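Source file: target.cif (mmCIF, C-alpha atoms; chains and numbers go by the auth columns)
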```cif
data_input
loop_
_atom_site.group_PDB
_atom_site.id
_atom_site.type_symbol
_atom_site.label_atom_id
_atom_site.label_comp_id
_atom_site.label_asym_id
_atom_site.label_seq_id
_atom_site.Cartn_x
_atom_site.Cartn_y
_atom_site.Cartn_z
_atom_site.B_iso_or_equiv
_atom_site.auth_seq_id
_atom_site.auth_asym_id
ATOM 1 C CA MET A 1 -0.268 11.894 20.768 0.00 1283 A
ATOM 2 C CA THR A 2 2.532 9.387 21.347 0.00 1284 A
ATOM 3 C CA SER A 3 1.532 5.737 21.528 0.00 1285 A
ATOM 4 C CA ARG A 4 4.187 4.840 24.083 0.00 1286 A
ATOM 5 C CA SER A 5 3.183 4.535 27.709 0.00 1287 A
ATOM 6 C CA SER A 6 5.871 6.552 29.440 0.00 1288 A
ATOM 7 C CA ILE A 7 6.706 10.183 28.744 0.00 1289 A
ATOM 8 C CA ALA A 8 9.576 12.138 30.260 0.00 1290 A
ATOM 9 C CA LEU A 9 10.003 15.910 30.285 0.00 1291 A
ATOM 10 C CA VAL A 10 13.569 17.172 30.696 0.00 1292 A
ATOM 11 C CA THR A 11 14.466 20.849 30.990 0.00 1293 A
ATOM 12 C CA GLY A 12 17.893 22.206 30.138 0.00 1294 A
ATOM 13 C CA ALA A 13 18.155 19.285 27.722 0.00 1295 A
ATOM 14 C CA SER A 14 20.355 20.853 25.045 0.00 1296 A
ATOM 15 C CA SER A 15 23.702 19.816 26.570 0.00 1297 A
ATOM 16 C CA GLY A 16 25.489 18.499 29.629 0.00 1298 A
ATOM 17 C CA ILE A 17 23.438 16.807 32.326 0.00 1299 A
ATOM 18 C CA GLY A 18 20.086 17.447 30.655 0.00 1300 A
ATOM 19 C CA ALA A 19 21.156 15.901 27.366 0.00 1301 A
ATOM 20 C CA ALA A 20 22.692 12.909 29.118 0.00 1302 A
ATOM 21 C CA VAL A 21 19.506 12.357 31.153 0.00 1303 A
ATOM 22 C CA ALA A 22 17.354 12.589 28.037 0.00 1304 A
ATOM 23 C CA LEU A 23 19.438 9.954 26.242 0.00 1305 A
ATOM 24 C CA GLU A 24 19.486 7.649 29.258 0.00 1306 A
ATOM 25 C CA LEU A 25 15.710 7.855 29.621 0.00 1307 A
ATOM 26 C CA ALA A 26 15.313 7.151 25.910 0.00 1308 A
ATOM 27 C CA GLU A 27 17.473 4.035 26.371 0.00 1309 A
ATOM 28 C CA ALA A 28 15.144 3.058 29.212 0.00 1310 A
ATOM 29 C CA GLY A 29 12.107 3.209 26.919 0.00 1311 A
ATOM 30 C CA HIS A 30 10.712 6.676 27.577 0.00 1312 A
ATOM 31 C CA ASP A 31 9.689 9.160 24.945 0.00 1313 A
ATOM 32 C CA VAL A 32 11.340 12.441 25.817 0.00 1314 A
ATOM 33 C CA ALA A 33 10.213 16.059 25.542 0.00 1315 A
ATOM 34 C CA LEU A 34 13.269 18.292 25.399 0.00 1316 A
ATOM 35 C CA VAL A 35 13.142 21.872 26.695 0.00 1317 A
ATOM 36 C CA ALA A 36 15.852 24.536 26.360 0.00 1318 A
ATOM 37 C CA ARG A 37 16.621 27.855 24.665 0.00 1319 A
ATOM 38 C CA ARG A 38 19.044 26.557 22.039 0.00 1320 A
ATOM 39 C CA GLY A 39 16.924 24.918 19.385 0.00 1321 A
ATOM 40 C CA ASP A 40 19.812 23.797 17.193 0.00 1322 A
ATOM 41 C CA LEU A 41 21.377 21.856 20.042 0.00 1323 A
ATOM 42 C CA LEU A 42 18.008 20.434 21.052 0.00 1324 A
ATOM 43 C CA GLU A 43 17.537 19.075 17.541 0.00 1325 A
ATOM 44 C CA ARG A 44 20.858 17.256 17.780 0.00 1326 A
ATOM 45 C CA VAL A 45 19.835 15.675 21.082 0.00 1327 A
ATOM 46 C CA ALA A 46 16.456 14.793 19.561 0.00 1328 A
ATOM 47 C CA GLU A 47 18.196 12.928 16.740 0.00 1329 A
ATOM 48 C CA GLN A 48 20.121 10.887 19.294 0.00 1330 A
ATOM 49 C CA VAL A 49 16.923 10.168 21.243 0.00 1331 A
ATOM 50 C CA ARG A 50 15.245 8.885 18.078 0.00 1332 A
ATOM 51 C CA ALA A 51 18.292 6.786 17.251 0.00 1333 A
ATOM 52 C CA ARG A 52 17.628 4.960 20.505 0.00 1334 A
ATOM 53 C CA GLY A 53 14.137 4.015 19.362 0.00 1335 A
ATOM 54 C CA ALA A 54 12.263 6.659 21.336 0.00 1336 A
ATOM 55 C CA GLN A 55 10.216 9.628 20.199 0.00 1337 A
ATOM 56 C CA ALA A 56 11.490 13.155 20.806 0.00 1338 A
ATOM 57 C CA LEU A 57 9.543 16.381 21.129 0.00 1339 A
ATOM 58 C CA VAL A 58 11.564 19.602 20.829 0.00 1340 A
ATOM 59 C CA LEU A 59 10.201 22.567 22.772 0.00 1341 A
ATOM 60 C CA THR A 60 12.520 25.512 22.196 0.00 1342 A
ATOM 61 C CA THR A 61 11.616 27.787 25.078 0.00 1343 A
ATOM 62 C CA ASP A 62 13.289 30.342 27.307 0.00 1344 A
ATOM 63 C CA LEU A 63 11.977 29.274 30.693 0.00 1345 A
ATOM 64 C CA ALA A 64 13.028 32.596 32.204 0.00 1346 A
ATOM 65 C CA GLN A 65 10.214 34.320 30.339 0.00 1347 A
ATOM 66 C CA PRO A 66 6.723 34.792 31.849 0.00 1348 A
ATOM 67 C CA GLY A 67 4.285 32.127 30.716 0.00 1349 A
ATOM 68 C CA ALA A 68 7.022 29.812 29.450 0.00 1350 A
ATOM 69 C CA THR A 69 6.187 26.906 31.741 0.00 1351 A
ATOM 70 C CA GLN A 70 2.501 27.077 30.862 0.00 1352 A
ATOM 71 C CA HIS A 71 3.457 26.984 27.185 0.00 1353 A
ATOM 72 C CA VAL A 72 5.471 23.818 27.828 0.00 1354 A
ATOM 73 C CA LEU A 73 2.656 22.180 29.783 0.00 1355 A
ATOM 74 C CA ASP A 74 0.053 23.111 27.164 0.00 1356 A
ATOM 75 C CA SER A 75 2.279 21.735 24.408 0.00 1357 A
ATOM 76 C CA MET A 76 2.714 18.454 26.263 0.00 1358 A
ATOM 77 C CA THR A 77 -1.007 18.067 26.838 0.00 1359 A
ATOM 78 C CA GLY A 78 -1.908 18.908 23.264 0.00 1360 A
ATOM 79 C CA LEU A 79 0.756 16.821 21.552 0.00 1361 A
ATOM 80 C CA TRP A 80 1.651 13.935 23.818 0.00 1362 A
ATOM 81 C CA GLY A 81 -0.340 13.698 27.028 0.00 1363 A
ATOM 82 C CA PRO A 82 0.566 13.259 30.716 0.00 1364 A
ATOM 83 C CA VAL A 83 4.148 13.324 31.924 0.00 1365 A
ATOM 84 C CA ARG A 84 5.392 10.266 33.823 0.00 1366 A
ATOM 85 C CA VAL A 85 8.867 11.615 34.644 0.00 1367 A
ATOM 86 C CA LEU A 86 9.750 15.281 35.158 0.00 1368 A
ATOM 87 C CA VAL A 87 13.427 16.211 35.405 0.00 1369 A
ATOM 88 C CA ASN A 88 13.967 19.844 36.392 0.00 1370 A
ATOM 89 C CA ASN A 89 17.517 20.419 35.240 0.00 1371 A
ATOM 90 C CA ALA A 90 17.480 23.930 33.733 0.00 1372 A
ATOM 91 C CA ALA A 91 19.502 26.284 35.924 0.00 1373 A
ATOM 92 C CA VAL A 92 21.546 29.452 35.913 0.00 1374 A
ATOM 93 C CA PRO A 93 24.623 30.101 38.090 0.00 1375 A
ATOM 94 C CA ARG A 94 24.604 33.467 39.794 0.00 1376 A
ATOM 95 C CA SER A 95 26.975 34.121 42.682 0.00 1377 A
ATOM 96 C CA GLY A 96 28.458 37.033 44.559 0.00 1378 A
ATOM 97 C CA PRO A 97 28.223 38.955 47.827 0.00 1379 A
ATOM 98 C CA ILE A 98 24.612 39.489 48.847 0.00 1380 A
ATOM 99 C CA ALA A 99 25.187 43.091 49.930 0.00 1381 A
ATOM 100 C CA SER A 100 26.220 44.215 46.454 0.00 1382 A
ATOM 101 C CA LEU A 101 24.272 41.755 44.319 0.00 1383 A
ATOM 102 C CA ASP A 102 22.340 43.181 41.381 0.00 1384 A
ATOM 103 C CA PRO A 103 18.643 42.347 41.958 0.00 1385 A
ATOM 104 C CA ARG A 104 18.291 41.141 38.374 0.00 1386 A
ATOM 105 C CA HIS A 105 20.713 38.285 39.119 0.00 1387 A
ATOM 106 C CA TRP A 106 18.679 37.383 42.192 0.00 1388 A
ATOM 107 C CA ASP A 107 15.420 37.416 40.227 0.00 1389 A
ATOM 108 C CA LEU A 108 16.809 35.321 37.372 0.00 1390 A
ATOM 109 C CA SER A 109 18.299 32.771 39.750 0.00 1391 A
ATOM 110 C CA MET A 110 15.070 32.397 41.720 0.00 1392 A
ATOM 111 C CA ARG A 111 13.062 32.123 38.534 0.00 1393 A
ATOM 112 C CA LEU A 112 15.057 29.397 36.791 0.00 1394 A
ATOM 113 C CA ASN A 113 16.386 27.497 39.788 0.00 1395 A
ATOM 114 C CA LEU A 114 13.244 27.438 41.945 0.00 1396 A
ATOM 115 C CA THR A 115 10.071 28.939 40.458 0.00 1397 A
ATOM 116 C CA VAL A 116 10.233 27.001 37.176 0.00 1398 A
ATOM 117 C CA PRO A 117 10.546 23.630 38.984 0.00 1399 A
ATOM 118 C CA PHE A 118 7.577 24.625 41.176 0.00 1400 A
ATOM 119 C CA GLU A 119 5.425 25.591 38.194 0.00 1401 A
ATOM 120 C CA LEU A 120 6.231 22.449 36.209 0.00 1402 A
ATOM 121 C CA ALA A 121 5.741 20.159 39.212 0.00 1403 A
ATOM 122 C CA ARG A 122 2.424 21.805 39.974 0.00 1404 A
ATOM 123 C CA GLY A 123 1.358 21.210 36.389 0.00 1405 A
ATOM 124 C CA VAL A 124 2.207 17.496 36.188 0.00 1406 A
ATOM 125 C CA ILE A 125 1.242 16.272 39.656 0.00 1407 A
ATOM 126 C CA PRO A 126 -2.530 15.913 39.098 0.00 1408 A
ATOM 127 C CA ALA A 127 -2.091 13.434 36.220 0.00 1409 A
ATOM 128 C CA MET A 128 0.636 11.570 38.104 0.00 1410 A
ATOM 129 C CA ARG A 129 -1.634 11.199 41.120 0.00 1411 A
ATOM 130 C CA ARG A 130 -4.455 9.895 38.933 0.00 1412 A
ATOM 131 C CA ALA A 131 -2.073 7.344 37.409 0.00 1413 A
ATOM 132 C CA GLY A 132 -0.752 6.332 40.815 0.00 1414 A
ATOM 133 C CA ASN A 133 2.828 6.639 39.641 0.00 1415 A
ATOM 134 C CA GLY A 134 5.313 9.334 38.703 0.00 1416 A
ATOM 135 C CA TRP A 135 8.689 10.867 39.414 0.00 1417 A
ATOM 136 C CA ILE A 136 9.697 14.491 39.929 0.00 1418 A
ATOM 137 C CA ILE A 137 13.484 14.705 39.963 0.00 1419 A
ATOM 138 C CA ASN A 138 15.054 18.067 40.700 0.00 1420 A
ATOM 139 C CA ILE A 139 18.707 18.649 39.927 0.00 1421 A
ATOM 140 C CA GLY A 140 20.107 20.466 42.919 0.00 1422 A
ATOM 141 C CA SER A 141 23.561 21.240 44.240 0.00 1423 A
ATOM 142 C CA VAL A 142 25.710 20.614 47.280 0.00 1424 A
ATOM 143 C CA SER A 143 25.821 24.415 47.543 0.00 1425 A
ATOM 144 C CA GLY A 144 22.222 24.163 48.729 0.00 1426 A
ATOM 145 C CA LEU A 145 23.257 22.013 51.688 0.00 1427 A
ATOM 146 C CA GLN A 146 25.706 24.359 53.391 0.00 1428 A
ATOM 147 C CA ALA A 147 26.261 28.105 53.260 0.00 1429 A
ATOM 148 C CA HIS A 148 29.487 29.358 51.679 0.00 1430 A
ATOM 149 C CA ALA A 149 30.411 33.012 51.381 0.00 1431 A
ATOM 150 C CA PHE A 150 29.730 34.540 47.942 0.00 1432 A
ATOM 151 C CA ALA A 151 27.685 31.539 46.768 0.00 1433 A
ATOM 152 C CA GLY A 152 24.873 34.050 46.255 0.00 1434 A
ATOM 153 C CA PRO A 153 21.333 33.467 45.016 0.00 1435 A
ATOM 154 C CA TYR A 154 22.248 30.170 43.365 0.00 1436 A
ATOM 155 C CA ALA A 155 22.823 28.593 46.769 0.00 1437 A
ATOM 156 C CA VAL A 156 19.687 30.181 48.210 0.00 1438 A
ATOM 157 C CA ALA A 157 17.553 28.902 45.345 0.00 1439 A
ATOM 158 C CA LYS A 158 19.044 25.425 45.525 0.00 1440 A
ATOM 159 C CA ARG A 159 18.333 25.241 49.251 0.00 1441 A
ATOM 160 C CA GLY A 160 14.780 26.260 48.464 0.00 1442 A
ATOM 161 C CA LEU A 161 14.667 23.497 45.848 0.00 1443 A
ATOM 162 C CA ASN A 162 15.530 20.990 48.573 0.00 1444 A
ATOM 163 C CA ALA A 163 12.581 22.202 50.645 0.00 1445 A
ATOM 164 C CA LEU A 164 10.262 22.146 47.632 0.00 1446 A
ATOM 165 C CA THR A 165 11.265 18.553 46.927 0.00 1447 A
ATOM 166 C CA GLU A 166 10.617 17.531 50.519 0.00 1448 A
ATOM 167 C CA LEU A 167 7.156 19.062 50.388 0.00 1449 A
ATOM 168 C CA LEU A 168 6.355 17.364 47.076 0.00 1450 A
ATOM 169 C CA ALA A 169 7.381 14.019 48.541 0.00 1451 A
ATOM 170 C CA ALA A 170 5.403 14.527 51.752 0.00 1452 A
ATOM 171 C CA GLU A 171 2.247 15.604 49.942 0.00 1453 A
ATOM 172 C CA ASN A 172 2.199 13.105 47.070 0.00 1454 A
ATOM 173 C CA GLY A 173 3.952 9.947 48.194 0.00 1455 A
ATOM 174 C CA ASP A 174 0.629 8.478 49.260 0.00 1456 A
ATOM 175 C CA ALA A 175 -0.426 8.454 45.594 0.00 1457 A
ATOM 176 C CA GLY A 176 2.756 6.788 44.332 0.00 1458 A
ATOM 177 C CA VAL A 177 4.271 10.059 43.135 0.00 1459 A
ATOM 178 C CA ARG A 178 7.887 10.219 44.250 0.00 1460 A
ATOM 179 C CA SER A 179 10.244 13.190 44.389 0.00 1461 A
ATOM 180 C CA ALA A 180 13.987 13.492 44.776 0.00 1462 A
ATOM 181 C CA CYS A 181 16.485 16.321 44.658 0.00 1463 A
ATOM 182 C CA LEU A 182 19.957 15.247 43.539 0.00 1464 A
ATOM 183 C CA CYS A 183 22.379 17.620 45.249 0.00 1465 A
ATOM 184 C CA LEU A 184 25.272 17.359 42.865 0.00 1466 A
ATOM 185 C CA GLY A 185 28.911 17.859 43.586 0.00 1467 A
ATOM 186 C CA TRP A 186 31.332 18.862 40.872 0.00 1468 A
ATOM 187 C CA VAL A 187 30.183 17.654 37.447 0.00 1469 A
ATOM 188 C CA ALA A 188 32.185 18.206 34.273 0.00 1470 A
ATOM 189 C CA THR A 189 29.873 20.473 32.252 0.00 1471 A
ATOM 190 C CA GLU A 190 30.191 23.719 30.340 0.00 1472 A
ATOM 191 C CA MET A 191 28.644 25.533 33.310 0.00 1473 A
ATOM 192 C CA ALA A 192 31.222 24.237 35.800 0.00 1474 A
ATOM 193 C CA ALA A 193 34.508 25.892 36.636 0.00 1475 A
ATOM 194 C CA PRO A 194 37.586 24.358 34.962 0.00 1476 A
ATOM 195 C CA PRO A 195 39.135 21.993 37.543 0.00 1477 A
ATOM 196 C CA GLU A 196 42.663 22.861 36.419 0.00 1478 A
ATOM 197 C CA LYS A 197 42.218 26.317 37.948 0.00 1479 A
ATOM 198 C CA VAL A 198 42.402 24.834 41.430 0.00 1480 A
ATOM 199 C CA GLY A 199 44.675 21.895 40.724 0.00 1481 A
ATOM 200 C CA VAL A 200 41.991 19.214 40.489 0.00 1482 A
ATOM 201 C CA ASP A 201 42.339 16.313 38.073 0.00 1483 A
ATOM 202 C CA PRO A 202 39.410 16.448 35.594 0.00 1484 A
ATOM 203 C CA GLN A 203 39.142 12.664 35.839 0.00 1485 A
ATOM 204 C CA GLU A 204 38.035 13.040 39.460 0.00 1486 A
ATOM 205 C CA LEU A 205 34.850 14.909 38.525 0.00 1487 A
ATOM 206 C CA LEU A 206 31.477 13.336 37.910 0.00 1488 A
ATOM 207 C CA ALA A 207 30.418 13.004 34.281 0.00 1489 A
ATOM 208 C CA PRO A 208 26.921 13.989 33.118 0.00 1490 A
ATOM 209 C CA GLU A 209 26.400 10.308 32.349 0.00 1491 A
ATOM 210 C CA ASP A 210 26.906 9.486 36.045 0.00 1492 A
ATOM 211 C CA VAL A 211 24.019 11.763 36.933 0.00 1493 A
ATOM 212 C CA ALA A 212 21.903 10.322 34.116 0.00 1494 A
ATOM 213 C CA ALA A 213 22.516 6.781 35.376 0.00 1495 A
ATOM 214 C CA THR A 214 21.387 7.856 38.856 0.00 1496 A
ATOM 215 C CA VAL A 215 18.187 9.336 37.420 0.00 1497 A
ATOM 216 C CA ARG A 216 17.481 6.136 35.497 0.00 1498 A
ATOM 217 C CA TRP A 217 18.030 4.022 38.596 0.00 1499 A
ATOM 218 C CA LEU A 218 15.512 6.107 40.514 0.00 1500 A
ATOM 219 C CA VAL A 219 12.946 6.005 37.724 0.00 1501 A
ATOM 220 C CA GLU A 220 13.246 2.230 37.318 0.00 1502 A
ATOM 221 C CA SER A 221 13.005 1.480 41.048 0.00 1503 A
ATOM 222 C CA PRO A 222 9.772 -0.164 42.246 0.00 1504 A
ATOM 223 C CA VAL A 223 7.006 2.128 43.474 0.00 1505 A
ATOM 224 C CA ARG A 224 7.291 0.644 46.961 0.00 1506 A
ATOM 225 C CA LEU A 225 10.793 2.148 47.249 0.00 1507 A
ATOM 226 C CA THR A 226 11.633 5.775 47.805 0.00 1508 A
ATOM 227 C CA LEU A 227 14.829 7.586 48.751 0.00 1509 A
ATOM 228 C CA GLY A 228 15.776 10.922 50.131 0.00 1510 A
ATOM 229 C CA PRO A 229 14.025 12.999 49.079 0.00 1511 A
ATOM 230 C CA VAL A 230 17.253 15.048 49.263 0.00 1512 A
ATOM 231 C CA LEU A 231 20.244 13.036 48.049 0.00 1513 A
ATOM 232 C CA ARG A 232 23.879 14.086 47.819 0.00 1514 A
ATOM 233 C CA VAL A 233 25.589 12.841 44.642 0.00 1515 A
ATOM 234 C CA SER A 234 29.278 13.746 44.671 0.00 1516 A
ATOM 235 C CA PRO A 235 32.670 12.661 43.357 0.00 1517 A
ATOM 236 C CA THR A 236 34.517 10.275 45.633 0.00 1518 A
ATOM 237 C CA HIS A 237 37.779 12.231 45.801 0.00 1519 A
ATOM 238 C CA PRO A 238 37.810 14.657 48.762 0.00 1520 A
ATOM 239 C CA GLY A 239 39.803 17.192 46.753 0.00 1521 A
ATOM 240 C CA THR A 240 36.693 17.935 44.698 0.00 1522 A
ATOM 241 C CA ALA A 241 34.533 18.831 47.717 0.00 1523 A
ATOM 242 C CA LEU A 242 32.894 22.245 47.604 0.00 1524 A
ATOM 243 C CA GLU A 243 34.276 23.038 51.038 0.00 1525 A
ATOM 244 C CA SER A 244 37.758 22.591 49.620 0.00 1526 A
ATOM 245 C CA VAL A 245 37.537 24.271 46.235 0.00 1527 A
ATOM 246 C CA TRP A 246 34.916 27.028 46.587 0.00 1528 A
ATOM 247 C CA PRO A 247 37.043 29.483 48.618 0.00 1529 A
ATOM 248 C CA ARG A 248 39.751 29.297 45.946 0.00 1530 A
ATOM 249 C CA LEU A 249 37.286 29.545 43.071 0.00 1531 A
ATOM 250 C CA ALA A 250 35.421 32.445 44.670 0.00 1532 A
ATOM 251 C CA SER A 251 38.678 34.297 45.320 0.00 1533 A
ATOM 252 C CA GLU A 252 39.768 33.867 41.705 0.00 1534 A
ATOM 253 C CA MET A 253 36.391 34.897 40.315 0.00 1535 A
ATOM 254 C CA HIS A 254 36.309 37.927 42.589 0.00 1536 A
ATOM 255 C CA ALA A 255 39.746 38.974 41.386 0.00 1537 A
ATOM 256 C CA SER A 256 38.732 38.558 37.759 0.00 1538 A
ATOM 257 C CA GLY A 257 35.404 40.350 38.225 0.00 1539 A
ATOM 258 C CA SER A 258 33.372 37.322 37.152 0.00 1540 A
ATOM 259 C CA LEU A 259 31.330 37.121 40.364 0.00 1541 A
ATOM 260 C CA HIS A 260 27.859 38.472 39.571 0.00 1542 A
ATOM 261 C CA ALA A 261 27.767 41.400 41.948 0.00 1543 A
#
```

Whole structure, structure tokens version:
Amino acid sequence: MTSRSSIALVTGASSGIGAAVALELAEAGHDVALVARRGDLLERVAEQVRARGAQALVLTTDLAQPGATQHVLDSMTGLWGPVRVLVNNAAVPRSGPIASLDPRHWDLSMRLNLTVPFELARGVIPAMRRAGNGWIINIGSVSGLQAHAFAGPYAVAKRGLNALTELLAAENGDAGVRSACLCLGWVATEMAAPPEKVGVDPQELLAPEDVAATVRWLVESPVRLTLGPVLRVSPTHPGTALESVWPRLASEMHASGSLHA
């Protein structure tokens, strides 16, 4: 078991936002358990966590599989102990017209984007309540704030994630356990659409490090302070707004056949 007092669990930690959050939390003095499918990339992030003076636990797991979250929770309990900070970042983008959507895309999206955060939150809350302190931070999307045609099950799941976060906050704030859903605008990651496709300057997008800094600020805030629990975190430039770019992106993806119908 780790000797440090604060343990963070970050899903989708092999790259992008998850990796940036893991490194930022390590800088802040947390030991970090890293969860994702790609073990080789997780090991690289783990090396960077350790270089920052923190301990890293690599849990190579496909969270889409049945029993995966229980495996993660059991591993944490057996090896390290209670989680102080849970960051539900693992996600899968699935979009397309609802009427022709393949049910397997719906099921996968609901599983990774909503059910996994529920299962992990449910698993860590009891220890957080006993400690009188804890954070559950869900990485959401602005697509969960407003309906856009062809946004598909991703948007539905992210809206559900907002509601889950609100319930977690309402039910556990009395014990010092805080919850927030960061509804992200356009972030420059491998999962995001290339901004050049719609004439947007890449420099206008958020960087994963911007999201990580927001997570750290929340985690380091005093227990007497809470925000949200649903918070929009977006680029400043209006040209990056989902309302502006999604119709063009959806049209291009539909033409190319990349919408997950």

Distance of atom CA of Ile1289 of chain A from atom CA of Pro1364 of chain A, expressed in Å to one decimal place: 7.1 Å

Ile1407 of chain A environment, 10 Å, all atoms listed in the file, sequence neighbours closer than 5 positions dropped, as an NGL selection string: :A and (1364-1366 or 1368 or 1402 or 1412-1413 or 1415-1418 or 1450 or 1454 or 1457 or 1459)

Expected selection from the PyMOL selection byres ((chain A and resi 1322-1336) around 12), given as number ranges by chain: A: 1284-1290, 1292-1321, 1337-1343

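Counting only C-alpha atoms and comparing A:Gly1521, A:Gly1467, A:Gly1378, A:Gly1510, the residue that lies closest to Val1480 of chain A is A:Gly1521.
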
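Atom CA of Gly1363 of chain A to atom CA of Gly1405 of chain A spans 12.1 Å [interatomic distance, one decimal].
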
Please list, as a PyMOL selection string, the residues that have an atom at most 10 Å away from (10.8, 28.2, 38.8) in the coordinates of this file, counting only C-alpha atoms. chain A and resi 1345-1346+1351+1370+1372-1373+1390-1403+1439+1443

Give me a file of those residues, with C-alpha atoms, as a short mmCIF file (atom, residue, chain, number, x, y, z; two decimals), in the coordinates of the input.
```
data_model
loop_
_atom_site.label_atom_id
_atom_site.label_comp_id
_atom_site.auth_asym_id
_atom_site.auth_seq_id
_atom_site.Cartn_x
_atom_site.Cartn_y
_atom_site.Cartn_z
CA LEU A 1345 11.98 29.27 30.69
CA ALA A 1346 13.03 32.60 32.20
CA THR A 1351 6.19 26.91 31.74
CA ASN A 1370 13.97 19.84 36.39
CA ALA A 1372 17.48 23.93 33.73
CA ALA A 1373 19.50 26.28 35.92
CA LEU A 1390 16.81 35.32 37.37
CA SER A 1391 18.30 32.77 39.75
CA MET A 1392 15.07 32.40 41.72
CA ARG A 1393 13.06 32.12 38.53
CA LEU A 1394 15.06 29.40 36.79
CA ASN A 1395 16.39 27.50 39.79
CA LEU A 1396 13.24 27.44 41.94
CA THR A 1397 10.07 28.94 40.46
CA VAL A 1398 10.23 27.00 37.18
CA PRO A 1399 10.55 23.63 38.98
CA PHE A 1400 7.58 24.62 41.18
CA GLU A 1401 5.42 25.59 38.19
CA LEU A 1402 6.23 22.45 36.21
CA ALA A 1403 5.74 20.16 39.21
CA ALA A 1439 17.55 28.90 45.34
CA LEU A 1443 14.67 23.50 45.85
#
```

Residue members of the PyMOL selection byres ((chain A and resi 1516) around 7) in the file shown, as a short mmCIF file (atom, residue, chain, number, x, y, z; two decimals) with C-alpha atoms, in the coordinates of the input:
```cif
data_model
loop_
_atom_site.label_atom_id
_atom_site.label_comp_id
_atom_site.auth_asym_id
_atom_site.auth_seq_id
_atom_site.Cartn_x
_atom_site.Cartn_y
_atom_site.Cartn_z
CA LEU A 1466 25.27 17.36 42.86
CA GLY A 1467 28.91 17.86 43.59
CA TRP A 1468 31.33 18.86 40.87
CA ARG A 1514 23.88 14.09 47.82
CA VAL A 1515 25.59 12.84 44.64
CA PRO A 1517 32.67 12.66 43.36
CA THR A 1518 34.52 10.28 45.63
#
```

Shortest contact to Ala1437 of chain A, candidates A:Val1374, A:Ala1475, A:Ala1494, A:Ala1489, atoms counted only C-alpha atoms, goes to A:Val1374

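Closest to Pro1375 of chain A among A:Met1473, A:Val1505, A:Ala1350, A:Leu1524 is A:Met1473, based on only C-alpha atoms.
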
Have a look at atom CA of Lys1440 of chain A and atom CA of Arg1460 of chain A and let me know their distance in Å, one decimal. 18.9 Å

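Of the listed residues A:Ala1462, A:Val1501, A:Val1527, A:Val1512, the one whose atoms come nearest to Pro1477 of chain A is A:Val1527, with distances taken using all atoms listed in the file.
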
Give me the result of the PyMOL selection byres ((chain A and resi 1379) around 8) on this file, residue by residue, as number ranges by chain. A: 1377-1378, 1380-1383, 1431-1434, 1543

Taking 2 positions as the minimum chain separation for residues in the same chain, which residues sit within 8 Å of Gly1426 of chain A when counting all atoms listed in the file? Answer as a list in words. Gly1422, Ser1423, Val1424, Gln1428, Ala1429, Ala1437, Val1438, Ala1439, Lys1440, Arg1441, Gly1442, Asn1444 and Cys1465 of chain A

Extending 4 Å beyond the listed atoms of segment 1327-1343 of chain A on each side, what axis-aligned box results? I want centre and edge lengths in Å to one decimal, as AutoDock Vina command-line options.
```
--center_x 14.8 --center_y 15.9 --center_z 20.9 --size_x 18.6 --size_y 31.8 --size_z 16.3
```

Pick out the closest residue to Met1358 of chain A from this set: A:Leu1427, A:Leu1291, A:Ala1409, A:Ala1523. Count all atoms listed in the file. A:Leu1291
